[in-house]
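A short write-up of the structure that comes next.
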Amino acid sequence: MKTKLLLLTLVVIAIAGFFLAEIDQYFSLAGARSLQNDVLIWRADQPLALAALLFVVYVAIAALSLPGAAVMTLLVGASFGLGWGLLIVSFASSIGATLAFLMTRYILRDSVQARFGERLQTVNDGVERDGMFYLFSLRLVPVFPFFLINMLMGLTPIKTRQFYWVSQLGMLPGTVVFVNAGSQLSELTSLSGILSPTLLASFVLLGIFPFIAKWLLALIKARRVYAGWQRPAKFDRNLIVIGAGAAGLVSAYIGAAVKAKVTLIEAHKMGGDCLNYGCVPSKALIKTAKVHNQQRHGDVYGLEPHAPALDFRKVMARIKAIIAQIEPHDSIARYTDLGVEVIAGYAKLVDPWTVEIALNNGGTQRLSARSVIIAAGAQPAIPPLPGLDEVGYLTSDTLWDALANQVEPPKRLVVLGGGPIGCELAQAFARLGSGVTQVEMLPRVMIREDDEVSVAVTASLTADGVAVLTNTKALRCEQADGQKQLIIRNALGDEETIVFDTLICAVGRSARLTGYGLEALGIDTERTVKTNDYLETIFPNILAAGDVAGPYQFTHVAAHQAWYAAVNGLFGSFKKFKADYSVIPWVTYVDPEVARVGLSEAEAKEQGIPYEVSRYGIDDLDRAICDSQAEGFIKVLTVPGKDRILGVTIMGAQAGELLAEYVLAMKHGLGLKKILGTIHSYPSMAEANKYVAGEWGKSHAPEWAYKYLVAFHRWRRS
Ligand SMILES: Cc1cc2nc3c(=O)[nH]c(=O)nc-3n(C[C@H](O)[C@H](O)[C@H](O)COP(=O)(O)OP(=O)(O)OC[C@H]3O[C@@H](n4cnc5c(N)ncnc54)[C@H](O)[C@@H]3O)c2cc1C
């Protein structure tokens with residue numbers, strides 16, 4: 001810090017000295033002309049010494065961002081002619097510019113990036129990707145003040161070496177013109193006459209050349225991808241969407257809203273996973289389990305505790321009824337009303353623009369579209385466990401139908417997997433009376449969250465009767481004495497046998513990548529369909545959104561991506577938008593809930609991002625105490641010394657609802673001070689957000705000011 005301050009002071013002194021000593025007069029056109037004769041005499045006597053002096057002065061002028069570089073160029077041109085003059089000026093200006101760039105970077109970059117880091121992210125990304133193009137264009141067009149370019153580039157992540165050579169190359173044409181004009185220095189009356197409008201226009205053209213070249217390259221690349229495919233002369237639709245889950249429904253909705261002709265194709269159930277097998281049924285089950293649990297623990301609320309009689313068929317019937325109640329939101333009728341053509345059938349891409357549909361009611365239909373969105377979702381991953389197929393297993397896709405007619409929940413249930421879905425299901429079934437064993441290979445459940453979250457979730461699962469086995473590998477399934485068995489290797493390395501009636505695989509979900517034409521078209525896939533930032537596959541007119549595209553597997557992210565996919569698919573030839581993943585929230589609906597947005601503490605450490613933690617224990621919150629839900633915490637990570645939020649983890653009742661305030665804050669750049677300054681009604685759970693902001697406030701209170709306040713009040717009392 002001290003060195004930075006010292007350097008800044010020296011620069012300021014040098015600049016002030018330049019003006020106070022009126023050295024600037026020599027760097028005007030008139031000044032240069034008055035020096036010209038002396039310089040020419042010197043040139044004849046000691047050319048090398050003169051060249052060295054002009055070189056050093058030029059470097060200093062450029063490095064200190066002083067005015068006069070253009071006049072210096074003319075003077076050098078007048079003294080040495082085009083050849084040597086160009087050599088001197090080209091190197092002196094590039095070295096000087098690089099010194100100015102480095103000084104700005106050293107003195108200012110850290111503080112600017114720390115202060116505006118997140119808001120600068122787009123600029124940083126743009127510079128990292130296209131920085132050389134931007135710099136080259138700016139250098140070519142000599143109307144942009146060079147000293148500003150040097151300083152602004154110093155604040156970006158562009159590499160010094162790149163800055164140097166691109167600057168030298170970009171400035172070359174302008175330098176040639178100015179050095180050459182130096183030969184007529186005595187006749188020049190103004191600098192503006194040096195560049196004629198035609199010359200300036202040529203520079204502008206040269207400046208935009210890199211962008212035209214880039215656009216052409218993209219065009220050639222796209223052409224190459226499409227080579228060998230016959231593009232239809234015209235299209236049946238503007239947009240075809242494959243899959244009617246969250247991603248597909250929202251894509252189709254947006255397409256229809258902007259009056260495009262859209263066809264949405266769904267092979268199975270409208271609403272996809274979330275409505276039929278995922279969010280909706282699981283949350284409905286969790287609610288019944290919670291009510292059941294509250295009744296069993298009625299004494300907590302001053303009631304007689306009792307275990308309510310349970311007919312599991314009714315629980316499952318309620319879930320079905322809830323799905324049916326929500327179904328109209330995603331129905332064919334609603335989407336048809338919105339202007340979307342919905343086709344029930346299995347879609348297959350036959351070329352980059354054509355989809356063949358095996359209709360559910362028989363026959364096939366072919367449709368072409370300018371753009372296609374793949375929204376085919378994901379399916380439960382099945383571990384390669386010997387004997388698993390033989391003993392049989394359920395997944396989130398199958399359990400709702402498979403258990404619909406059981407009077408009781410499974411007696412002995414194994415849940416494979418300690419991720420969010422595994423934890424939610426394990427707790428819900430345990431609360432409804434199943435004997436649940438949860439098997440997780442990793443050292444802890446909910447591995448994406450901080451350690452303390454895993455510990456707390458394990459504690460609540462255990463309290464509800466789940467046997468949580470971590471560091472435990474499922475080895476194989478067997479059938480012995482009419483009993484289904486899972487053989488595991490436990491944390492100590494020993495084999496153990498777990499007898500079960502039902503096993504649910506919840507070890508993750510894999511994107512649907514095969515069977516509908518991706519392979520034949522050569523669309524890149526790894527774990528998901530590979531897309532660029534605009535959600536385009538290798539074919540810019542085929543885009544992907546939702547679980548099939550990753551990287552997140554949430555309904556709200558699928559819907560969020562769908563907007564980008566639809567807009568880029570329909571209007572991408574004019575303007576494209578990059579999918580923005582900067583503020584993605586998620587909630588795991590275990591009880592108490594776990595909610596998160598932004599960085600966890602472990603992630604901040606892993607990525608070397610400095611942070612401070614503010615923490616508030618929900619056990620202290622009046623409303624949580626009234627509700628006998630006084631457990632959990634809010635942990636907010638902020639930029640050191642600032643109230644800017646980097647990430648929030650909440651564990652507690654209604655954590656998912658509390659999170660919304662932070663999502664808004666992060667999205668719109670509001671810090672903890674704004675949350676602290678907002679009225680939160682009493683007694684609400686949301687007050688916890690204000691209290692954690694208060695914790696931040698306390699730890700950043702200006703202690704030094706308190707001394708004076710004490711003195712002030714003492715004086716007022718006297
Ligand atoms: C148990 C469980 C609980 C969950 N809980 C939550 C939660 O609480 N919150 C949350 O945000 N997320 C949750 N999720 C995740 C959420 O369900 C998914 O992220 C979301 O459904 C993804 O939507 P999607 O449109 O990408 O895919 P999907 O919903 O899977 O939709 C894809 C659709 O495409 C259709 N399809 C596939 N191929 C073709 C083809 N060739 N032709 C025609 N149709 C085709 C499929 O039939 C399917 O209907 C949960 C998931 C599960 C399993």
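In the structure tokens, each chain is lettered A, B, ... as it comes, each chain's residues begin at 1, and ligands are numbered from 1 in order of appearance.
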
Enumerate as a ChimeraX atom specification all residues of stretch 378-438 of chain A assigned to alpha helix (DSSP H) by DSSP on the backbone, naming them with the chain letters and numbers the document uses.
/A:388-391,399-402,420-431

Preceding selection exported with C-alpha atoms as a PDB file, in the first residue's frame:
ATOM      1  CA  LEU A 388     -29.714 -54.983  -8.283  1.00  0.00           C
ATOM      2  CA  ASP A 389     -31.924 -55.852 -11.247  1.00  0.00           C
ATOM      3  CA  GLU A 390     -32.672 -59.272  -9.747  1.00  0.00           C
ATOM      4  CA  VAL A 391     -33.870 -57.956  -6.369  1.00  0.00           C
ATOM      5  CA  LEU A 399     -41.844 -45.098  -6.615  1.00  0.00           C
ATOM      6  CA  TRP A 400     -45.048 -43.034  -6.813  1.00  0.00           C
ATOM      7  CA  ASP A 401     -46.895 -45.669  -8.829  1.00  0.00           C
ATOM      8  CA  ALA A 402     -45.140 -48.660  -7.268  1.00  0.00           C
ATOM      9  CA  PRO A 420     -30.680 -33.781  -1.565  1.00  0.00           C
ATOM     10  CA  ILE A 421     -33.202 -36.217  -3.111  1.00  0.00           C
ATOM     11  CA  GLY A 422     -31.914 -39.125  -0.983  1.00  0.00           C
ATOM     12  CA  CYS A 423     -32.061 -37.062   2.217  1.00  0.00           C
ATOM     13  CA  GLU A 424     -35.552 -35.690   1.506  1.00  0.00           C
ATOM     14  CA  LEU A 425     -36.954 -39.152   0.766  1.00  0.00           C
ATOM     15  CA  ALA A 426     -35.129 -40.861   3.656  1.00  0.00           C
ATOM     16  CA  GLN A 427     -36.498 -38.378   6.186  1.00  0.00           C
ATOM     17  CA  ALA A 428     -40.045 -38.389   4.793  1.00  0.00           C
ATOM     18  CA  PHE A 429     -40.315 -42.192   4.796  1.00  0.00           C
ATOM     19  CA  ALA A 430     -38.707 -42.464   8.242  1.00  0.00           C
ATOM     20  CA  ARG A 431     -41.222 -39.975   9.657  1.00  0.00           C
TER      21      ARG A 431
END

Kindly work out which residues sit at most 6 Å from ligand 1, using only C-alpha atoms and all ligand atoms, and give the list as a PyMOL selection string.
chain A and resi 242-248+265-269+272-274+277-279+282+345-348+375-378+396+421+516+546-548+553-556+558

File dump, residues just selected, N, CA, C and O atoms, as a compact mmCIF listing (two decimals), in the first residue's frame:
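Output file selection_16.txt is given in full below:
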# COMPACT_ATOMS: atom_id res chain seq x y z
N ILE A 242 -38.32 -29.95 -27.84
CA ILE A 242 -38.42 -31.39 -27.53
C ILE A 242 -38.45 -31.56 -26.02
O ILE A 242 -37.46 -31.32 -25.34
N GLY A 243 -39.60 -31.98 -25.50
CA GLY A 243 -39.74 -32.21 -24.06
C GLY A 243 -40.57 -31.12 -23.42
O GLY A 243 -40.30 -29.93 -23.63
N ALA A 244 -41.58 -31.52 -22.64
CA ALA A 244 -42.46 -30.52 -22.00
C ALA A 244 -42.32 -30.54 -20.49
O ALA A 244 -43.30 -30.55 -19.75
N GLY A 245 -41.07 -30.57 -20.02
CA GLY A 245 -40.80 -30.32 -18.60
C GLY A 245 -40.65 -28.82 -18.41
O GLY A 245 -41.05 -28.03 -19.29
N ALA A 246 -40.05 -28.43 -17.27
CA ALA A 246 -39.93 -26.99 -16.98
C ALA A 246 -39.25 -26.24 -18.12
O ALA A 246 -39.73 -25.19 -18.57
N ALA A 247 -38.14 -26.80 -18.63
CA ALA A 247 -37.38 -26.09 -19.68
C ALA A 247 -38.19 -25.99 -20.96
O ALA A 247 -38.26 -24.92 -21.58
N GLY A 248 -38.83 -27.09 -21.35
CA GLY A 248 -39.58 -27.10 -22.60
C GLY A 248 -40.81 -26.22 -22.53
O GLY A 248 -41.11 -25.47 -23.47
N ILE A 265 -43.15 -30.88 -28.22
CA ILE A 265 -43.38 -32.33 -28.36
C ILE A 265 -43.05 -33.02 -27.04
O ILE A 265 -41.95 -32.85 -26.49
N GLU A 266 -43.99 -33.78 -26.52
CA GLU A 266 -43.75 -34.50 -25.26
C GLU A 266 -44.12 -35.97 -25.45
O GLU A 266 -45.22 -36.31 -25.90
N ALA A 267 -43.19 -36.83 -25.08
CA ALA A 267 -43.40 -38.27 -25.27
C ALA A 267 -44.26 -38.86 -24.16
O ALA A 267 -45.02 -39.81 -24.40
N HIS A 268 -44.14 -38.30 -22.95
CA HIS A 268 -44.86 -38.92 -21.83
C HIS A 268 -45.84 -37.93 -21.23
O HIS A 268 -46.87 -37.67 -21.81
N LYS A 269 -45.45 -37.38 -20.04
CA LYS A 269 -46.43 -36.54 -19.35
C LYS A 269 -46.04 -35.08 -19.43
O LYS A 269 -44.87 -34.73 -19.19
N GLY A 272 -43.30 -32.90 -17.22
CA GLY A 272 -42.02 -33.59 -17.02
C GLY A 272 -41.82 -34.09 -15.60
O GLY A 272 -42.78 -34.38 -14.88
N ASP A 273 -40.56 -34.10 -15.23
CA ASP A 273 -40.15 -34.66 -13.95
C ASP A 273 -40.72 -33.94 -12.75
O ASP A 273 -41.19 -34.55 -11.81
N CYS A 274 -40.62 -32.62 -12.79
CA CYS A 274 -40.94 -31.83 -11.61
C CYS A 274 -42.38 -32.09 -11.16
O CYS A 274 -42.63 -32.39 -10.00
N TYR A 277 -42.86 -36.61 -11.09
CA TYR A 277 -42.04 -37.53 -10.28
C TYR A 277 -41.10 -36.82 -9.31
O TYR A 277 -40.44 -37.46 -8.52
N GLY A 278 -40.98 -35.49 -9.46
CA GLY A 278 -39.92 -34.80 -8.72
C GLY A 278 -40.43 -33.86 -7.65
O GLY A 278 -40.97 -34.29 -6.63
N CYS A 279 -40.28 -32.57 -7.92
CA CYS A 279 -40.56 -31.54 -6.91
C CYS A 279 -41.95 -31.72 -6.29
O CYS A 279 -42.09 -31.74 -5.06
N SER A 282 -42.66 -35.08 -4.30
CA SER A 282 -41.77 -35.20 -3.14
C SER A 282 -42.14 -34.17 -2.07
O SER A 282 -42.14 -34.47 -0.88
N GLY A 345 -45.86 -37.29 -28.54
CA GLY A 345 -45.09 -38.25 -29.32
C GLY A 345 -43.61 -38.15 -28.99
O GLY A 345 -43.19 -37.26 -28.24
N TYR A 346 -42.85 -39.08 -29.57
CA TYR A 346 -41.42 -39.12 -29.30
C TYR A 346 -40.68 -38.47 -30.45
O TYR A 346 -40.81 -38.88 -31.62
N ALA A 347 -39.92 -37.44 -30.14
CA ALA A 347 -39.26 -36.66 -31.20
C ALA A 347 -37.85 -37.16 -31.45
O ALA A 347 -37.15 -37.57 -30.52
N LYS A 348 -37.47 -37.11 -32.72
CA LYS A 348 -36.10 -37.50 -33.07
C LYS A 348 -35.59 -36.52 -34.12
O LYS A 348 -36.28 -36.25 -35.11
N ALA A 375 -35.00 -30.11 -24.75
CA ALA A 375 -35.32 -29.96 -23.33
C ALA A 375 -35.76 -31.33 -22.81
O ALA A 375 -36.82 -31.48 -22.21
N ALA A 376 -34.90 -32.33 -23.09
CA ALA A 376 -35.30 -33.72 -22.85
C ALA A 376 -35.06 -34.18 -21.41
O ALA A 376 -35.37 -35.32 -21.07
N GLY A 377 -34.51 -33.32 -20.56
CA GLY A 377 -34.41 -33.63 -19.14
C GLY A 377 -33.38 -34.68 -18.78
O GLY A 377 -32.44 -34.95 -19.53
N ALA A 378 -33.59 -35.27 -17.61
CA ALA A 378 -32.65 -36.27 -17.08
C ALA A 378 -33.45 -37.42 -16.48
O ALA A 378 -34.66 -37.32 -16.30
N SER A 396 -37.03 -42.31 -8.21
CA SER A 396 -38.03 -41.23 -8.07
C SER A 396 -39.04 -41.30 -9.22
O SER A 396 -40.16 -40.81 -9.08
N ILE A 421 -32.02 -35.37 -2.90
CA ILE A 421 -33.20 -36.22 -3.11
C ILE A 421 -33.19 -37.38 -2.11
O ILE A 421 -34.21 -37.70 -1.49
N TYR A 516 -32.55 -39.98 -29.58
CA TYR A 516 -33.36 -39.01 -30.33
C TYR A 516 -32.52 -38.16 -31.29
O TYR A 516 -32.86 -37.02 -31.57
N GLY A 546 -32.26 -26.82 -19.48
CA GLY A 546 -32.74 -27.70 -18.41
C GLY A 546 -31.74 -28.77 -18.04
O GLY A 546 -30.54 -28.67 -18.35
N ASP A 547 -32.24 -29.83 -17.41
CA ASP A 547 -31.37 -30.90 -16.91
C ASP A 547 -30.49 -31.50 -18.00
O ASP A 547 -29.40 -31.98 -17.74
N VAL A 548 -31.00 -31.51 -19.24
CA VAL A 548 -30.24 -32.13 -20.32
C VAL A 548 -28.98 -31.30 -20.64
O VAL A 548 -28.00 -31.82 -21.14
N GLN A 553 -29.36 -28.88 -11.83
CA GLN A 553 -30.57 -29.68 -12.08
C GLN A 553 -31.69 -29.20 -11.17
O GLN A 553 -32.01 -29.84 -10.17
N PHE A 554 -32.22 -28.04 -11.50
CA PHE A 554 -33.34 -27.48 -10.73
C PHE A 554 -34.38 -26.95 -11.71
O PHE A 554 -34.04 -26.45 -12.79
N THR A 555 -35.62 -26.99 -11.24
CA THR A 555 -36.71 -26.50 -12.08
C THR A 555 -36.52 -25.03 -12.42
O THR A 555 -36.71 -24.62 -13.57
N HIS A 556 -36.16 -24.22 -11.40
CA HIS A 556 -36.05 -22.78 -11.67
C HIS A 556 -34.89 -22.48 -12.61
O HIS A 556 -34.94 -21.50 -13.35
N ALA A 558 -33.89 -24.58 -15.00
CA ALA A 558 -34.39 -25.02 -16.31
C ALA A 558 -35.23 -23.90 -16.93
O ALA A 558 -35.07 -23.56 -18.10

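Considering only C-alpha atoms, the residue among A:Trp696, A:Phe312, A:Phe144, A:Tyr534 positioned nearest to A:Pro410 is A:Phe312.
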
Extract the full set of strand (DSSP E) residues from stretch 159-315 of chain A according to DSSP on the backbone, and format it as a ChimeraX atom specification.
/A:237-242,262-266

Could you pull the residues within 12 Å of A:Met132, counting only C-alpha atoms, minus those fewer than 4 positions along the same chain, as an mmCIF file with N, CA, C and O atoms, in the first residue's frame?
data_model
loop_
_atom_site.group_PDB
_atom_site.id
_atom_site.type_symbol
_atom_site.label_atom_id
_atom_site.label_comp_id
_atom_site.auth_asym_id
_atom_site.auth_seq_id
_atom_site.Cartn_x
_atom_site.Cartn_y
_atom_site.Cartn_z
ATOM 1 N N GLY A 126 -15.246 -10.514 -21.172
ATOM 2 C CA GLY A 126 -15.142 -10.016 -22.550
ATOM 3 C C GLY A 126 -13.691 -9.745 -22.910
ATOM 4 O O GLY A 126 -13.233 -10.120 -23.992
ATOM 5 N N VAL A 127 -12.946 -9.132 -21.985
ATOM 6 C CA VAL A 127 -11.544 -8.798 -22.269
ATOM 7 C C VAL A 127 -10.725 -10.077 -22.382
ATOM 8 O O VAL A 127 -9.857 -10.200 -23.249
ATOM 9 N N GLU A 128 -11.013 -11.046 -21.498
ATOM 10 C CA GLU A 128 -10.247 -12.296 -21.577
ATOM 11 C C GLU A 128 -10.463 -12.991 -22.918
ATOM 12 O O GLU A 128 -9.570 -13.589 -23.479
ATOM 13 N N PHE A 136 -6.840 -3.738 -30.309
ATOM 14 C CA PHE A 136 -6.348 -3.493 -31.665
ATOM 15 C C PHE A 136 -7.208 -2.417 -32.344
ATOM 16 O O PHE A 136 -6.694 -1.475 -32.944
ATOM 17 N N SER A 137 -8.538 -2.553 -32.191
ATOM 18 C CA SER A 137 -9.438 -1.591 -32.831
ATOM 19 C C SER A 137 -9.242 -0.203 -32.239
ATOM 20 O O SER A 137 -9.186 0.780 -32.958
ATOM 21 N N LEU A 138 -9.145 -0.148 -30.910
ATOM 22 C CA LEU A 138 -8.985 1.160 -30.266
ATOM 23 C C LEU A 138 -7.681 1.828 -30.693
ATOM 24 O O LEU A 138 -7.614 3.037 -30.890
ATOM 25 N N ARG A 139 -6.637 1.013 -30.846
ATOM 26 C CA ARG A 139 -5.333 1.561 -31.224
ATOM 27 C C ARG A 139 -5.329 2.060 -32.663
ATOM 28 O O ARG A 139 -4.699 3.043 -33.000
ATOM 29 N N MET A 153 -7.088 -0.244 -19.913
ATOM 30 C CA MET A 153 -6.648 -1.631 -20.131
ATOM 31 C C MET A 153 -5.896 -2.162 -18.912
ATOM 32 O O MET A 153 -5.928 -3.347 -18.613
ATOM 33 N N THR A 156 -8.008 -4.082 -16.568
ATOM 34 C CA THR A 156 -8.610 -5.342 -17.030
ATOM 35 C C THR A 156 -7.599 -6.490 -16.898
ATOM 36 O O THR A 156 -6.423 -6.251 -16.635
ATOM 37 N N PRO A 157 -8.059 -7.725 -17.117
ATOM 38 C CA PRO A 157 -7.125 -8.862 -16.946
ATOM 39 C C PRO A 157 -6.209 -9.113 -18.151
ATOM 40 O O PRO A 157 -5.517 -10.128 -18.173
ATOM 41 N N ILE A 158 -6.192 -8.247 -19.153
ATOM 42 C CA ILE A 158 -5.368 -8.528 -20.344
ATOM 43 C C ILE A 158 -3.897 -8.686 -19.940
ATOM 44 O O ILE A 158 -3.414 -8.010 -19.027
ATOM 45 N N LYS A 159 -3.195 -9.600 -20.613
ATOM 46 C CA LYS A 159 -1.797 -9.878 -20.247
ATOM 47 C C LYS A 159 -0.890 -8.761 -20.778
ATOM 48 O O LYS A 159 -1.132 -8.219 -21.855
ATOM 49 N N THR A 160 0.177 -8.460 -20.006
ATOM 50 C CA THR A 160 1.061 -7.344 -20.365
ATOM 51 C C THR A 160 1.680 -7.560 -21.752
ATOM 52 O O THR A 160 1.742 -6.647 -22.569
ATOM 53 N N ARG A 161 2.157 -8.788 -21.997
ATOM 54 C CA ARG A 161 2.830 -9.039 -23.262
ATOM 55 C C ARG A 161 1.858 -8.795 -24.440
ATOM 56 O O ARG A 161 2.194 -8.172 -25.431
ATOM 57 N N GLN A 162 0.619 -9.290 -24.229
ATOM 58 C CA GLN A 162 -0.405 -9.094 -25.262
ATOM 59 C C GLN A 162 -0.645 -7.610 -25.476
ATOM 60 O O GLN A 162 -0.718 -7.133 -26.606
ATOM 61 N N PHE A 163 -0.752 -6.878 -24.362
ATOM 62 C CA PHE A 163 -1.018 -5.440 -24.441
ATOM 63 C C PHE A 163 0.081 -4.765 -25.266
ATOM 64 O O PHE A 163 -0.190 -3.938 -26.122
ATOM 65 N N TYR A 164 1.329 -5.178 -24.981
ATOM 66 C CA TYR A 164 2.454 -4.522 -25.654
ATOM 67 C C TYR A 164 2.393 -4.740 -27.168
ATOM 68 O O TYR A 164 2.371 -3.799 -27.945
ATOM 69 N N TRP A 165 2.350 -6.008 -27.575
ATOM 70 C CA TRP A 165 2.479 -6.241 -29.014
ATOM 71 C C TRP A 165 1.258 -5.825 -29.812
ATOM 72 O O TRP A 165 1.348 -5.313 -30.917
ATOM 73 N N VAL A 166 0.071 -5.978 -29.202
ATOM 74 C CA VAL A 166 -1.139 -5.534 -29.920
ATOM 75 C C VAL A 166 -1.127 -4.015 -30.043
ATOM 76 O O VAL A 166 -1.483 -3.462 -31.084
ATOM 77 N N SER A 167 -0.650 -3.335 -28.978
ATOM 78 C CA SER A 167 -0.572 -1.875 -29.032
ATOM 79 C C SER A 167 0.389 -1.453 -30.132
ATOM 80 O O SER A 167 0.086 -0.575 -30.947
ATOM 81 N N GLN A 168 1.555 -2.084 -30.160
ATOM 82 C CA GLN A 168 2.565 -1.675 -31.145
ATOM 83 C C GLN A 168 2.033 -1.865 -32.576
ATOM 84 O O GLN A 168 2.148 -0.993 -33.415
ATOM 85 N N LEU A 169 1.399 -3.031 -32.760
ATOM 86 C CA LEU A 169 0.858 -3.339 -34.096
ATOM 87 C C LEU A 169 -0.268 -2.375 -34.458
ATOM 88 O O LEU A 169 -0.321 -1.823 -35.550
ATOM 89 N N GLY A 170 -1.171 -2.161 -33.492
ATOM 90 C CA GLY A 170 -2.346 -1.329 -33.746
ATOM 91 C C GLY A 170 -1.976 0.125 -33.990
ATOM 92 O O GLY A 170 -2.629 0.825 -34.770
ATOM 93 N N GLY A 207 -10.124 -0.727 -38.071
ATOM 94 C CA GLY A 207 -10.425 -1.006 -36.657
ATOM 95 C C GLY A 207 -11.513 -2.044 -36.491
ATOM 96 O O GLY A 207 -11.450 -2.888 -35.593
ATOM 97 N N PRO A 210 -11.115 -6.631 -37.369
ATOM 98 C CA PRO A 210 -11.042 -7.860 -36.560
ATOM 99 C C PRO A 210 -12.418 -8.425 -36.238
ATOM 100 O O PRO A 210 -12.613 -9.633 -36.186
ATOM 101 N N PHE A 211 -13.379 -7.515 -36.012
ATOM 102 C CA PHE A 211 -14.716 -7.998 -35.656
ATOM 103 C C PHE A 211 -15.395 -8.638 -36.869
ATOM 104 O O PHE A 211 -16.069 -9.654 -36.753
ATOM 105 N N LYS A 214 -13.862 -11.944 -37.271
ATOM 106 C CA LYS A 214 -14.371 -12.892 -36.280
ATOM 107 C C LYS A 214 -15.766 -13.404 -36.683
ATOM 108 O O LYS A 214 -16.057 -14.596 -36.608
#

Extract, using only C-alpha atoms, all DNA, RNA and protein residues at most 12 Å from A:Lys290, discarding same-chain residues fewer than 4 positions from it, and format them as a ChimeraX atom specification.
/A:283-286,294-298,424,427-433,464,589-593,653

Quote the spacing between atom CA of A:Ser628 and atom CA of A:Ala595 in Å to one decimal place.
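That distance, rounded to one decimal, is 19.8 Å.
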
Which residues come within 12 Å of stretch 368-370 of chain A, counting only C-alpha atoms, excluding same-chain residues fewer than 2 positions away, as a ChimeraX atom specification?
/A:230-242,260-264,347-357,365-366,372-373,539-543,566,568-573

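Contact shell of A:Leu86 at 9 Å (only C-alpha atoms; same-chain neighbours under 3 positions omitted): A:Thr73, A:Val76, A:Gly77, A:Phe80, A:Gly81, A:Leu82, A:Gly83, A:Val89, A:Ser90, A:Phe91, A:Leu172, A:Thr175, A:Val176, A:Val179, A:Asn180.
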
Output file for the residues above (N, CA, C and O atoms, as a short mmCIF file (atom, residue, chain, number, x, y, z; two decimals), in the first residue's frame):
data_model
loop_
_atom_site.label_atom_id
_atom_site.label_comp_id
_atom_site.auth_asym_id
_atom_site.auth_seq_id
_atom_site.Cartn_x
_atom_site.Cartn_y
_atom_site.Cartn_z
N THR A 73 5.87 12.92 -32.00
CA THR A 73 5.96 12.06 -33.19
C THR A 73 6.36 12.89 -34.40
O THR A 73 7.21 12.50 -35.20
N VAL A 76 10.05 13.88 -34.11
CA VAL A 76 10.93 12.76 -34.44
C VAL A 76 10.92 12.54 -35.95
O VAL A 76 11.96 12.34 -36.58
N GLY A 77 9.72 12.64 -36.55
CA GLY A 77 9.61 12.48 -38.00
C GLY A 77 10.43 13.55 -38.71
O GLY A 77 11.16 13.28 -39.67
N PHE A 80 14.26 12.63 -38.13
CA PHE A 80 14.88 11.38 -38.59
C PHE A 80 14.23 10.79 -39.85
O PHE A 80 14.67 9.75 -40.34
N GLY A 81 13.17 11.41 -40.31
CA GLY A 81 12.52 10.86 -41.51
C GLY A 81 11.69 9.64 -41.16
O GLY A 81 11.62 9.20 -40.00
N LEU A 82 11.08 9.07 -42.21
CA LEU A 82 10.10 8.00 -41.97
C LEU A 82 10.70 6.74 -41.36
O LEU A 82 10.21 6.21 -40.37
N GLY A 83 11.83 6.25 -41.92
CA GLY A 83 12.38 4.95 -41.50
C GLY A 83 12.78 4.94 -40.03
O GLY A 83 12.17 4.27 -39.20
N VAL A 89 9.70 6.02 -32.72
CA VAL A 89 8.38 6.32 -32.15
C VAL A 89 7.62 5.02 -31.82
O VAL A 89 7.00 4.90 -30.76
N SER A 90 7.71 4.06 -32.73
CA SER A 90 6.94 2.84 -32.51
C SER A 90 7.33 2.16 -31.19
O SER A 90 6.48 1.78 -30.40
N PHE A 91 8.64 2.06 -30.94
CA PHE A 91 9.06 1.40 -29.70
C PHE A 91 8.84 2.30 -28.48
O PHE A 91 8.39 1.83 -27.44
N LEU A 172 0.77 1.21 -35.32
CA LEU A 172 1.72 1.37 -36.43
C LEU A 172 1.19 2.25 -37.58
O LEU A 172 1.86 3.21 -37.97
N THR A 175 1.09 5.80 -36.58
CA THR A 175 2.44 6.31 -36.37
C THR A 175 3.09 6.66 -37.71
O THR A 175 3.73 7.71 -37.85
N VAL A 176 2.88 5.78 -38.71
CA VAL A 176 3.45 6.04 -40.04
C VAL A 176 2.95 7.40 -40.54
O VAL A 176 3.73 8.25 -40.98
N VAL A 179 4.54 10.30 -38.36
CA VAL A 179 5.98 10.46 -38.57
C VAL A 179 6.21 11.07 -39.95
O VAL A 179 7.01 12.00 -40.13
N ASN A 180 5.46 10.58 -40.88
CA ASN A 180 5.58 11.09 -42.26
C ASN A 180 5.21 12.57 -42.32
O ASN A 180 5.89 13.38 -42.96
#

Excluding same-chain residues fewer than 4 positions from A:Pro409, what lies within 10 Å of it counting only C-alpha atoms, as a ChimeraX atom specification?
/A:310-313,315-316,403-405,413,429-430,432-435,502

With C-alpha atoms retained, export the selected residues as a compact mmCIF listing (two decimals), in the first residue's frame.
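Dumped everything to selection-v9.txt:
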# COMPACT_ATOMS: atom_id res chain seq x y z
CA LEU A 310 -51.73 -44.24 8.67
CA ASP A 311 -53.17 -45.70 5.51
CA PHE A 312 -50.32 -45.12 3.10
CA ARG A 313 -52.68 -45.43 0.13
CA VAL A 315 -51.01 -40.45 1.51
CA MET A 316 -50.22 -41.51 -2.03
CA LEU A 403 -46.11 -47.70 -3.72
CA ALA A 404 -49.52 -46.22 -4.54
CA ASN A 405 -51.45 -49.26 -3.37
CA LEU A 413 -36.32 -49.22 3.25
CA PHE A 429 -40.32 -42.19 4.80
CA ALA A 430 -38.71 -42.46 8.24
CA LEU A 432 -44.06 -42.01 8.17
CA GLY A 433 -42.80 -45.12 9.92
CA SER A 434 -40.39 -46.85 7.55
CA GLY A 435 -37.20 -48.23 9.02
CA THR A 502 -37.68 -51.78 -0.80
